[in-house]
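Student: Below: one structure in structure tokens.
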Amino acid sequence: MSDNMHHQWLLLAACFWVIFMFMVASKFITLTFKDPDGYGAKQEPLILTAVTKVEEVHMPEEKHWPEEFQPTGKAFSGNLIRQPLVHMERLELLRNVCRDTALRDLSHTAVSKFVLDRIFVCDKHKILFCQTPKVGNTQWKKVLIVLNGAFSSIEEIPENIVHDHEKNGLPRLSSFSDSEIKKRLNLYFKFFIVRDPFERLISAFKDKFVHNPRFEPWYRHEIAPGIIRKYRKNRTETKGLQFEDFVRYLGDPNHRWLDVQFGDHIIHWVTYVELCAPCEITYSVIGHHETLEDDAPYILKAAGIDHLVSYPTIPPGITVYNKTKVERYFSGISKRDIRRLYARFEGDFKLFGYREPDFLLN
């Protein structure tokens with residue numbers, strides 16, 4: 001009996017010893033492999049990048065730059081995990097679509113002078129903003145004008161100054177030397193804004209050909225007649241440019257010969273890919289017009305300028321996607337013409353997560 005008791009006590013002691021050693025080992029492992037963030041140890045950041053091979057502006061590895069070219073802004077903190085999930089998902093989607101070889105012709109473009117002309121520079125705060133017209137860009141330009149010091153507040157900026165690039169104090173990236181362009185593309189905070197591609201085209205059509213401002217007469221008197229001559233089916237029709245004419249022009253695979261004649265005025269309706277080269281340039285943030293109320297403050301904070309300037313007040317409902325309006329504008333357009341238009345803008349739909357319109361699926 002005593003021998004049995006003795007063996008049981010030995011067995012129990014052995015169990016306690018094993019448990020004790022396991023606890024010690026666990027504590028050692030925890031202390032050894034604890035999250036390095038808490039101790040200032042170096043941690044490899046999660047980088048979501050959409051850069052593939054750059055065709056005209058190559059971006060070599062940068063190592064040591066003068067102080068004026070050092071990165072700035074919270075987006076360069078080295079830990080993109082802290083970004084809200086939606087912004088990580090947008091960058092990841094962009095990266096994945098950029099890698100899709102089936103969409104390469106619709107998602108890639110050269111970083112040409114046309115692209116560099118679209119990118120505005122704020123050297124003081126190390127920011128690059130790619131202009132995508134008809135997506136609320138005027139307000140972002142006002143933000144940069146204030147940051148560059150041309151005016152002390154957004155309210156002071158005259159409307160006729162915003163788009164006057166001789167007076168608004170916003171240099172374009174194309175105005176710099178090749179080496180300076182590369183440095184800024186590598187190290188500055190970079191962003192642009194998108195919206196549903198078809199709704200943007202409607203906005204461009206209304207602004208330039210329906211409500212055409214008096215200070216931009218060339219849209220109605222030069223560009224519209226050129227589109228009508230080539231794309232209007234009923235030549236006896238005397239109305240001004242119709243949305244159907246506009247869609248037929250944009251969806252024509254041979255649209256470029258007219259684009260050349262129209263010059264830089266085409267920026268209001270060409271694709272985001274053609275404007276900003278999102279698969280060639282690593283953008284820090286991609287804002288969406290539909291969620292601008294959340295995205296604008298986030299962009300200011302990520303760029304490290306939220307304490308210096310605020311995005312202008314957004315009128316209620318102005319950024320909401322208007323499905324009814326889009327369907328109404330396309331209701332009189334043939335399925336053939338809509339499909340051709342979508343074929344051209346498919347890259348924009350896929351890169352930025354916009355759904356193919358329901359009326360195209362029916």
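Identifiers for the structure tokens are assigned positionally: chains receive A, B, ... in sequence, residues are indexed from 1 per chain, and ligands are indexed from 1 in the order shown.
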Can you check which parts of stretch 172-253 of chain A lie within 7 Å of stretch 279-287 of chain A? Per residue, the shortest pair of atoms and distance in Å to one decimal, counting only C-alpha atoms, sorted by chain and number, as CSV.

Tutor:
```
residue,atom,partner,partner_atom,distance
A:Phe189,CA,A:Ser284,CA,5.9
A:Lys190,CA,A:Tyr283,CA,4.9
A:Phe191,CA,A:Val285,CA,5.0
A:Phe192,CA,A:Ile286,CA,5.4
A:Ile193,CA,A:Gly287,CA,4.5
A:Val194,CA,A:Gly287,CA,6.3
```

Student: Please, could you write that set of residues out with C-alpha atoms as a compact mmCIF listing (two decimals), in the first residue's frame?

Tutor:
```txt
# COMPACT_ATOMS: atom_id res chain seq x y z
CA PHE A 189 3.03 61.49 -50.47
CA LYS A 190 0.95 60.86 -53.62
CA PHE A 191 -2.80 60.69 -54.05
CA PHE A 192 -5.70 61.16 -56.44
CA ILE A 193 -9.49 60.84 -56.38
CA VAL A 194 -11.80 58.68 -58.50
```

Student: Which of stretch 136-297 of chain A end up as strand (DSSP E or B) when DSSP is run on this backbone - answer as a list in words?

Tutor: Arg172, Phe189, Lys190, Phe191, Phe192, Ile193, Val194, Val285, Ile286, Gly287 and His288 of chain A

Student: Of the candidates A:Ser152, A:Ile228, A:Leu275, A:Val143, which shows the shortest atom-to-atom distance to A:Leu300, using only C-alpha atoms?

Tutor: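 Nearest to A:Leu300: A:Val143.
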
Student: Between stretch 127-164 of chain A and stretch 111-123 of chain A, at 7 Å or less, what are the per-residue closest atom pairs and their distances in Å? Count only C-alpha atoms, order by chain and rising residue number, and return it as a tab-separated table.

Tutor:
```
residue	atom	partner	partner_atom	distance
A:Ile127	CA	A:Cys122	CA	5.1
A:Leu128	CA	A:Val121	CA	4.9
A:Phe129	CA	A:Phe120	CA	5.2
A:Cys130	CA	A:Ile119	CA	4.2
A:Gln131	CA	A:Arg118	CA	5.3
A:Leu144	CA	A:Cys122	CA	6.5
A:Asn148	CA	A:Cys122	CA	6.0
```

Student: Which value, in Å to one decimal, gives the distance between atom CA of A:Tyr219 and atom CA of A:His265?

Tutor: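 According to the coordinates, atom CA of A:Tyr219 and atom CA of A:His265 are separated by 8.2 Å.
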
Student: How many Å lie between atom CA of A:Ala343 and atom CA of A:Asp207, rounded to one decimal?

Tutor: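 Separation of atom CA of A:Ala343 and atom CA of A:Asp207: 23.9 Å.
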
Student: Go through A:Ile305, A:Leu351, A:Ala204, A:Leu258 one by one, measure the shortest atom-to-atom distance of each to A:Pro133 using only C-alpha atoms, and give the residue with the smallest value.

Tutor: A:Ala204

Student: Given the choices A:Thr319, A:Asn212, A:Thr324, A:Ser310, which gets closest to A:Lys142 if the distance is worked out from only C-alpha atoms?

Tutor: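 Smallest distance to A:Lys142 is found for A:Ser310.
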
Student: Tell me, as a VMD selection string, which residues lie within 8 Å of stretch 160-168 of chain A, counting only C-alpha atoms; anything in the same chain fewer than 5 positions away does not count.

Tutor: chain A and resid 138 141 to 142 145 150

Student: Using DSSP assignments from the backbone, pull out every residue in stretch 119-294 of chain A that falls under alpha helix (DSSP H) and give it to me as number ranges by chain.

Tutor: A: 137-147, 159-162, 178-187, 197-205, 218, 224-231, 243-251, 256-262, 272-276, 292-294

Student: Find the residues near A:Phe352: any atom within 9 Å, counting only C-alpha atoms, skip ones fewer than 2 places away on the same chain, and give them as a PDB file with N, CA and C atoms, in the first residue's frame.

Tutor:
```pdb
ATOM      1  N   ARG A  90      -8.194  49.013 -51.165  1.00  0.00           N
ATOM      2  CA  ARG A  90      -8.119  49.718 -52.452  1.00  0.00           C
ATOM      3  C   ARG A  90      -6.744  49.546 -53.091  1.00  0.00           C
ATOM      4  N   LEU A  91      -5.698  49.688 -52.293  1.00  0.00           N
ATOM      5  CA  LEU A  91      -4.348  49.537 -52.830  1.00  0.00           C
ATOM      6  C   LEU A  91      -4.071  48.104 -53.240  1.00  0.00           C
ATOM      7  N   LEU A  93      -6.358  45.891 -54.242  1.00  0.00           N
ATOM      8  CA  LEU A  93      -7.106  45.662 -55.480  1.00  0.00           C
ATOM      9  C   LEU A  93      -6.358  46.241 -56.666  1.00  0.00           C
ATOM     10  N   LEU A  94      -5.873  47.454 -56.515  1.00  0.00           N
ATOM     11  CA  LEU A  94      -5.113  48.103 -57.580  1.00  0.00           C
ATOM     12  C   LEU A  94      -3.910  47.257 -57.979  1.00  0.00           C
ATOM     13  N   VAL A 194     -11.031  59.272 -57.408  1.00  0.00           N
ATOM     14  CA  VAL A 194     -11.798  58.684 -58.502  1.00  0.00           C
ATOM     15  C   VAL A 194     -13.291  58.699 -58.152  1.00  0.00           C
ATOM     16  N   ARG A 195     -14.118  58.474 -59.156  1.00  0.00           N
ATOM     17  CA  ARG A 195     -15.556  58.277 -58.946  1.00  0.00           C
ATOM     18  C   ARG A 195     -16.040  57.302 -60.004  1.00  0.00           C
ATOM     19  N   ASP A 196     -17.285  56.869 -59.918  1.00  0.00           N
ATOM     20  CA  ASP A 196     -17.818  55.952 -60.917  1.00  0.00           C
ATOM     21  C   ASP A 196     -17.501  56.490 -62.315  1.00  0.00           C
ATOM     22  N   ILE A 286      -5.753  56.372 -52.534  1.00  0.00           N
ATOM     23  CA  ILE A 286      -6.705  56.623 -53.617  1.00  0.00           C
ATOM     24  C   ILE A 286      -8.044  56.937 -52.971  1.00  0.00           C
ATOM     25  N   HIS A 288     -12.063  58.104 -52.946  1.00  0.00           N
ATOM     26  CA  HIS A 288     -13.251  57.909 -53.771  1.00  0.00           C
ATOM     27  C   HIS A 288     -14.219  59.059 -53.535  1.00  0.00           C
ATOM     28  N   GLY A 347     -10.775  49.187 -67.562  1.00  0.00           N
ATOM     29  CA  GLY A 347      -9.632  49.279 -66.656  1.00  0.00           C
ATOM     30  C   GLY A 347      -9.947  50.121 -65.436  1.00  0.00           C
ATOM     31  N   ASP A 348     -10.608  51.267 -65.639  1.00  0.00           N
ATOM     32  CA  ASP A 348     -10.988  52.134 -64.518  1.00  0.00           C
ATOM     33  C   ASP A 348     -11.985  51.442 -63.588  1.00  0.00           C
ATOM     34  N   PHE A 349     -12.966  50.756 -64.172  1.00  0.00           N
ATOM     35  CA  PHE A 349     -13.944  50.040 -63.352  1.00  0.00           C
ATOM     36  C   PHE A 349     -13.258  48.994 -62.485  1.00  0.00           C
ATOM     37  N   LYS A 350     -12.361  48.210 -63.072  1.00  0.00           N
ATOM     38  CA  LYS A 350     -11.733  47.101 -62.357  1.00  0.00           C
ATOM     39  C   LYS A 350     -10.681  47.589 -61.356  1.00  0.00           C
ATOM     40  N   TYR A 354     -15.248  49.525 -59.108  1.00  0.00           N
ATOM     41  CA  TYR A 354     -16.610  49.923 -59.489  1.00  0.00           C
ATOM     42  C   TYR A 354     -17.298  48.797 -60.252  1.00  0.00           C
TER      43      TYR A 354
END
```

Student: Could you tell me how far atom CA of A:Ser175 lies from atom CA of A:His289, in Å and to one decimal?

Tutor: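 Between atom CA of A:Ser175 and atom CA of A:His289 the gap is 28.3 Å.
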